[in-house]
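To start, the structure itself, in structure tokens.
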Amino acid sequence: MSKEFPLREERIGFYICHCGINIAFKVRCHEVAEYIGTLPGVVISRDYLFMCSDPGQEIIEKDIRELNLTRVVVASCSPRMHEHTFRAACARAGLNPFRSFHHVCVREHVSWVTLDEDEATEKAKTLARAGVNRVRYQSDLFPKSFPVNPNTLVVGGGIAGMQAALDVAKAGYKVYLVERQATIGGHMLQYDKTFPTMDCAACIGTPKMVAVGQNPNIEILSLSEVEEISGFVGNFEVKVKRYARYVNAAKCTGCGECTKYCPISVPNEWDVGTQLRRAVYRPFPQAVPITFAIDKKDRGPCVQTCPAGTNVQGYVTLVREGKYKEAVKVILENLPLPGVLGRVCPAPCEKVCRRGEVDQPVSIRNLKRFAADHVDWETLEVPEIEKKPPEEKVAIVGSGPAGLSCAYFLARKGYHPTVFEAMSEIGGMLRAGIPDYRLPPEVLKREVNYMCRMGVEIKTNAPIGEGNTIDKLFSEGYKAVFLSTGAHKEFMLGVEGENAEGVLRGISFLRNVNFCVDGAIGNKAVVIGGGAVAMDVARVARRKGASDVHVYCLEKREEMPAWAEEIEATEAEGIKIHNSWGVKKIVTNGSKVAGIEFKRCVAVFDENKRFSPKYDDSESISDNCDTVLVAIGQRPDVSCINGTDGIELTRRGLISADPVTLQTGKPGVFAGGELYSGPSLVIEAIASGKEAAISIDRYIRGEDLIENRPQRPKGENWAPIPEGVQKAARAKMPELEPAQRVGSFVEVGTGFTEEQARTEAARCLSCGVCCECKQCVPACEAKAIEHDQIDKVVTLQVGSIIVATGFDVMDPTPMKEYGYGRLPNVLLNLEFERLSNATGPTSGKILLRDPNDKYQHTRPPKSVAFLHCIGSRDKNYHEYCSRTCCMYALKLAHLVKDKCGHDTEVYNFYIDMRCFGKGYEEFYRRIQDEGVRMIRGKAVEVTDKAEDPSEEGMLIVRAEDTLIGKMLRVPVEMVVLCTAMEPRPDAQEVARVFGLTLSGDGFFMEEHPKLEPVSTPTAGVFLAGACQGPKDIPDSVAQAKAAASEAQALSTLGEVIVPPMISHIDEDTCIGCQVCIGLCVYSAIEFDEFRKISVVNEAVCKGCGSCAAYCPSGAASIRHFTRKQIFGEIEGILAS
Amino acid sequence: MNDTFEPTIVAFLCNWCTFTAADLAGTSRLSYPQNVKIVRMMCSGMVDPVYVLKAFLEGADGVYVGGCWPGDCHYINGNLKARRRAALLTEILKQFGIEEDRFWLRWVAASDGIMFQEHSKEMTEKLRALGPSPLSVDRTIA
């Protein structure tokens, strides 16, 4: 046969393996060998029973030496099995294993999947031919070795993780143990006893926890999660997110005093929700680390929505607790004037309150008022303030809500603010524009007085502007100026007759009444406007003696800017509201008003939602009246900037300032409130004053105004709305009867009663869990509580990683037939474990649950049924067997007999009993001897519908006893569902982080189901425990020890050999286009500026081939997968 | 001689997913037509469009590329690069008269031997119906 080659002379040996009969039963191996022997370059072609056996390998070695083979092709199993074996054989015979060897798969890809013998043989020939064609083009490769970092990362602190950590640490290597929960221990520590020995889980588990906690080689990172992994085997870089614990582990003594003061209760996850814990908590008494933690989720929507960032959940909770003074102090941290806001705030918080998803939002504003009205403002302690030197003073122009707020927060920071008020009374629009029946002046006064006690100075009748300019304030030594003179100027109608006697301006009218200046009014008044001011004006007019008051506005009823409750209150006082009318003209009789004419308004806003009323002149009405009150809007009075340069106005006539810092064009001058924003809400004004105070503080200290400015809280990770929360109506504020109201200016709303307030506050769902009321802070003598901790990311360097993230117990709620969640005494297996556990809700007694209160328990059950295979061995849920349920069901059955008395009836409904482990079958026998009834048949239903009197009040388990072929109805008092062990819900994301793959059942996949039970496709990452599949404790521990030994092997060897199949860029062909650099996710390619070519960093390249598959010049290639090699294989496949 | 046309399919399989799935199909004895001939790659993103063209030029009736599900790539996102290239390549192949059905890019999880079996059967069926590749007709007649 001819020996002509495209390349230099190669001498190829071909070997096909029978694999016993695995290959030979479908592939006629001898025929394949004969055929390959005819191919050019093949000098020897053999078939053999077991190529992987020692004699098989020796054949290859011998042939290489004796026949001077240069290349070897073996056709046998998958290269994933024995590629290494044959490469090693070639290496032993003196060839470069990468150059000389190629593995062809004729078992997994041919004999096992092809039905016809002829077809299988042909396919084997084709693949072998392709292999022979490929191997000619392979070249010398030399694997690189890298040092191994001896540290190990263990992920998951359950029994598998703890055991792996202990074993690695015992060998003297450092271990980082990352645990998501606040304690290590895992599911095993939640159990009561362990089968089949009935060892107490805590008695054998807590010593492990303590050993882990005390081992100097183990560092526990609890409340932490691995976010990202980079690097490669032996040299991983791991980013771990450490969630804030809010308790300093170095200081916390674990005394638990904080829990006595915490007002928040939530179901304890550790107890599977069978009992409550506080927001500051420790999962169970033996937790490791022993440090408490605070469960703080994202701030509630109320807190996030409040423009001033008031800690709503905090004060609402404290009102519930009856701690009104503490509640007010919580409010005052972010908001001055709580009594004022508790009356006039439009409460944007209530619109987003999640209680609204259950029934109605919590009545937050009224609770604020309640708290503020139940403290003695004269004696309320002023917070401890570190006063700044007297020259650090700030001028505030205008004493409205914005000005007072700015002054308040500056005073809290220790500055010396002086408020300049042009009018004779303090409070701006709060005082001048809001009638007394809505906001009694004494409420404003008491809260302003409190501010003064804190160090705010207020000067009345002290206008700033022409004559007393802003510049003059600076020259008097004020370090900064805040302008907040509000919007007190009024818009007019611009119609005929507007200047007649009897036409009044709304705000001026209110001011006159509030300041007791004037306020005389006729008999019949017409109010123009549909906003809050118009409502106030109408109601005040009524109180000042107008017997007939009508409101006319442009808007339709639902478009009116006034709040619905104000409109209702207005109407309740006998005032008539007429919608969709615009003023045509005011009819006069001489100099006096005699009446008013209206035209129909058809649209108030244009398509861009801008104010642009349209009228239908054909439709009009008229009304007689002696007074017209115009309340159609206000605009700012910017006279305060008169005489000062550098402060600009916007097109709308407002002060122009930076939207974040509120600084105007003139350094040191800030503006806020309606002067800056235009007409808006009180709470917005307060918020702008607060922001300005932050800016002014930074300005005076010379800091950047924007950088690292406090951010508003965000996020929607809130506590779930509790199941079964009782609907309860929102409390209604008691009010004066309309008849009583009209004659006086006494406040209409009389405030919640104490009982009303506390019941209403209890409707809060505690969205953020911890409410930051900070009652725990003074309670902690060790000063360990740190509410301002933040989440951190730490970076660890490790050589190997053991993933032991465990499993979850399946939630049987979707399986309606078993009534879980509906029938109180249908329990989850884990709930039963907690019931039986000494640290559980009943201190270890097995008791029935009180149907009226899931956290209360009554008496021991007289009969209990255990239902096996709930969600396991079930095509609708999990096809697999969870392996542990038979045994733990027996264990739990024993516990019932043991704790509730041997006369207690215990039933097990099973499909098959699988008692396969050491001592398991014996345990099964023992339990049967104890009188536990075993019924072969899966329970199909649990119902509380009795069919005869003996079933009354019982849970009836329905099942077919398949041994006698009859349907049974078994009445019991308690049912325990033995549900499947299932993968964690985030297994997919975890797999991505660690480079793992999932098996069909959703658990992590091992590299080989039998021979590599702990390795994974990512070298250096190992599996342990139930994250790889359902397992009992002994198996988990055994696998953990195996994973630990893999990790130790890496660390002990100290170096790791990395496959040489990585990218190579030919420097002669590279055109320097740099496309590969953008494609490389590992940043393994750099550009050599000098030679203008791309260069691969071989230590970083992983050999994915993204560069090679793109490279337009063909310069990039992956070693061992070069174009020539792959082309060779393709040609081999398609040669006929 | 059997008169049904038997296509030749060259399958470039990612080592970490589809190749493993093909091994699993074997271990589980899931039979599929012999027409599929596997070439092992380290990543679907390594499959140079030239390899696909080469296979068609050498007479393949179909080319299959198997990669990891998006997000599961052993090399972070090589499979997404494969997807981009495949979209473009499909268009180019059409210019040469090679129908869309002759070039498949599929995601197969390492644990999904059944899916690989199904794809193999399905593609073989499709190509049997479609007939020889326009580029391989000469060979078939000869």
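Letters for chains follow the order of the structure tokens (A, B, ...), residue numbers begin at 1 for each chain, and ligand numbers begin at 1 in the order shown.
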| Leaving out A:Glu989 and any residue of its chain fewer than 2 positions from it, which residues lie within 12 Å of it when counting only C-alpha atoms, given as a ChimeraX atom specification? | /A:225-228,983-987,991-998,1002,1004 /B:71-72
| request: Tell me, as a PyMOL selection string, which residues lie within 10 Å of stretch 84-98 of chain B, counting only C-alpha atoms; anything in the same chain fewer than 2 positions away does not count. | output: (chain A and resi 1109-1110) or (chain B and resi 45+47-50+52-53+56+61-62+65+79-82+100-105+133-135)
Using N, CA and C atoms, can you write the selected residues to a file as a compact mmCIF listing (two decimals), in the first residue's frame?
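Once written, selection-v1.txt looks like this:
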# COMPACT_ATOMS: atom_id res chain seq x y z
N ALA A 1109 -12.47 32.01 16.51
CA ALA A 1109 -13.60 31.84 15.60
C ALA A 1109 -13.90 33.13 14.86
N TYR A 1110 -13.38 34.25 15.36
CA TYR A 1110 -13.68 35.50 14.68
C TYR A 1110 -12.54 36.00 13.82
N GLY B 45 -18.83 28.82 20.86
CA GLY B 45 -18.24 30.08 20.41
C GLY B 45 -16.93 29.86 19.68
N VAL B 47 -16.69 27.65 17.29
CA VAL B 47 -17.01 27.15 15.95
C VAL B 47 -16.88 28.30 14.95
N ASP B 48 -15.77 28.28 14.25
CA ASP B 48 -15.50 29.28 13.22
C ASP B 48 -16.51 29.06 12.09
N PRO B 49 -17.15 30.11 11.59
CA PRO B 49 -18.09 29.92 10.47
C PRO B 49 -17.44 29.16 9.32
N VAL B 50 -16.13 29.29 9.21
CA VAL B 50 -15.41 28.59 8.15
C VAL B 50 -15.56 27.07 8.29
N VAL B 52 -18.15 25.51 9.36
CA VAL B 52 -19.47 25.15 8.84
C VAL B 52 -19.44 25.15 7.32
N LEU B 53 -18.83 26.20 6.76
CA LEU B 53 -18.72 26.27 5.30
C LEU B 53 -17.93 25.10 4.75
N PHE B 56 -20.00 21.98 4.58
CA PHE B 56 -20.91 21.98 3.43
C PHE B 56 -20.14 21.77 2.13
N ASP B 61 -24.73 17.37 4.39
CA ASP B 61 -26.08 17.79 4.06
C ASP B 61 -26.66 18.69 5.14
N GLY B 62 -26.04 18.63 6.30
CA GLY B 62 -26.50 19.48 7.39
C GLY B 62 -25.38 19.68 8.39
N VAL B 65 -24.78 22.73 15.42
CA VAL B 65 -23.89 23.24 16.46
C VAL B 65 -24.65 23.20 17.78
N ASN B 79 -21.42 31.10 23.96
CA ASN B 79 -22.60 30.65 23.23
C ASN B 79 -23.35 31.82 22.59
N LEU B 80 -23.30 32.98 23.25
CA LEU B 80 -24.00 34.13 22.68
C LEU B 80 -23.26 34.62 21.43
N LYS B 81 -21.93 34.51 21.47
CA LYS B 81 -21.17 34.89 20.28
C LYS B 81 -21.51 33.92 19.13
N ALA B 82 -21.66 32.65 19.51
CA ALA B 82 -22.04 31.66 18.50
C ALA B 82 -23.39 32.03 17.90
N GLU B 100 -32.21 27.11 5.28
CA GLU B 100 -32.08 27.39 6.70
C GLU B 100 -32.09 26.10 7.53
N ASP B 101 -32.90 25.12 7.09
CA ASP B 101 -33.05 23.89 7.85
C ASP B 101 -31.78 23.04 7.88
N ARG B 102 -30.81 23.39 7.05
CA ARG B 102 -29.59 22.57 7.01
C ARG B 102 -28.58 22.99 8.06
N PHE B 103 -28.80 24.15 8.67
CA PHE B 103 -27.83 24.62 9.65
C PHE B 103 -28.56 24.93 10.96
N TRP B 104 -28.25 24.13 11.98
CA TRP B 104 -28.96 24.27 13.26
C TRP B 104 -28.00 24.72 14.34
N LEU B 105 -28.43 25.69 15.13
CA LEU B 105 -27.73 25.98 16.38
C LEU B 105 -28.73 25.73 17.49
N SER B 133 -27.83 18.18 -0.02
CA SER B 133 -27.43 19.58 -0.09
C SER B 133 -27.09 19.92 -1.53
N PRO B 134 -27.45 21.14 -1.97
CA PRO B 134 -27.13 21.52 -3.36
C PRO B 134 -25.63 21.41 -3.64
N LEU B 135 -24.82 21.54 -2.61
CA LEU B 135 -23.37 21.46 -2.84
C LEU B 135 -22.88 20.02 -2.91
Please run DSSP on the backbone and report, as a PDB file with C-alpha atoms, in the first residue's frame, all residues within stretch 850-999 of chain A that come out as alpha helix (DSSP H).
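As a result, selection-v3.pdb now contains:
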ATOM      1  CA  CYS A 885     -38.622  10.340  54.013  1.00  0.00           C
ATOM      2  CA  CYS A 886     -39.293   6.670  54.792  1.00  0.00           C
ATOM      3  CA  MET A 887     -36.745   6.774  57.537  1.00  0.00           C
ATOM      4  CA  TYR A 888     -37.608  10.114  59.076  1.00  0.00           C
ATOM      5  CA  ALA A 889     -41.294   9.220  58.971  1.00  0.00           C
ATOM      6  CA  LEU A 890     -40.437   6.162  61.076  1.00  0.00           C
ATOM      7  CA  LYS A 891     -38.391   8.352  63.372  1.00  0.00           C
ATOM      8  CA  LEU A 892     -41.231  10.836  63.806  1.00  0.00           C
ATOM      9  CA  ALA A 893     -43.662   7.965  64.363  1.00  0.00           C
ATOM     10  CA  HIS A 894     -41.460   6.746  67.159  1.00  0.00           C
ATOM     11  CA  LEU A 895     -41.340  10.232  68.675  1.00  0.00           C
ATOM     12  CA  VAL A 896     -45.154  10.376  68.746  1.00  0.00           C
ATOM     13  CA  LYS A 897     -45.331   7.047  70.517  1.00  0.00           C
ATOM     14  CA  ASP A 898     -42.587   8.147  72.871  1.00  0.00           C
ATOM     15  CA  LYS A 899     -43.875  11.619  73.723  1.00  0.00           C
ATOM     16  CA  CYS A 900     -47.643  11.281  73.426  1.00  0.00           C
ATOM     17  CA  TYR A 920     -32.278   1.075  58.807  1.00  0.00           C
ATOM     18  CA  GLU A 921     -34.165  -2.155  58.233  1.00  0.00           C
ATOM     19  CA  GLU A 922     -33.684  -3.050  61.887  1.00  0.00           C
ATOM     20  CA  PHE A 923     -35.125   0.348  62.848  1.00  0.00           C
ATOM     21  CA  TYR A 924     -38.132  -0.294  60.617  1.00  0.00           C
ATOM     22  CA  ARG A 925     -38.778  -3.563  62.385  1.00  0.00           C
ATOM     23  CA  ARG A 926     -38.456  -1.877  65.780  1.00  0.00           C
ATOM     24  CA  ILE A 927     -40.984   0.806  64.885  1.00  0.00           C
ATOM     25  CA  GLN A 928     -43.445  -1.793  63.629  1.00  0.00           C
ATOM     26  CA  ASP A 929     -43.011  -3.618  66.913  1.00  0.00           C
ATOM     27  CA  ALA A 987     -29.817  26.669  42.246  1.00  0.00           C
ATOM     28  CA  GLN A 988     -29.636  27.922  38.663  1.00  0.00           C
ATOM     29  CA  GLU A 989     -28.018  31.238  39.634  1.00  0.00           C
ATOM     30  CA  VAL A 990     -25.660  29.517  42.052  1.00  0.00           C
ATOM     31  CA  ALA A 991     -24.688  27.101  39.286  1.00  0.00           C
ATOM     32  CA  ARG A 992     -23.810  30.030  37.064  1.00  0.00           C
ATOM     33  CA  VAL A 993     -21.657  31.668  39.717  1.00  0.00           C
ATOM     34  CA  PHE A 994     -19.668  28.482  40.325  1.00  0.00           C
TER      35      PHE A 994
END
| request: With a distance cut-off of 10 Å and only C-alpha atoms, select the neighbouring residues of A:Gly342, excluding the residue or stretch itself and same-chain residues fewer than 3 positions from it, and output the selection as a VMD selection string. | output: chain A and resid 337 to 339 345 to 347 364 to 373 439 751
| message | Residues of chain B were defined as contacting chain A if any atom lay at most 9 Å from it, counting only C-alpha atoms; please report them as number ranges by chain. | response | B: 8, 10, 15-17, 20, 22-39, 41-51, 54-55, 58-60, 71-78, 81-82, 85, 109-112, 117, 139
| said: I'd like the interatomic distance between atom CA of A:Gln138 and atom CA of B:Cys68, to a tenth of an Å. | reply: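 Interatomic distance here is 26.8 Å.
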| If you run DSSP on this backbone, which residues of stretch 780-955 of chain A come out as strand (DSSP E), and could you give them as a count of residues only? | 48
| query | Any idea what's packed within 6 Å of stretch 477-484 of chain A, counting only C-alpha atoms, ignoring anything in its chain fewer than 4 positions away? Could you give it as a VMD selection string? | reply | chain A and resid 393 to 398 403 473 668 to 673 675
| request: Between B:Trp69, B:Arg106, B:Leu57, B:Arg128, single out the one closest to B:Phe12, counting only C-alpha atoms. | output: B:Arg106
| said: Just the number, please: distance in Å from atom CA of A:Lys1124 to atom CA of A:Arg136, one decimal. | reply: 9.5 Å
| message | Can you tell me which residues surround A:Cys767 at a distance of at most 6 Å, considering only C-alpha atoms, apart from same-chain residues fewer than 4 positions away, and format the answer as a list in words? | response |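 So, after excluding close chain neighbours, the residues are Gly300, Trp718 and Ala719 of chain A.
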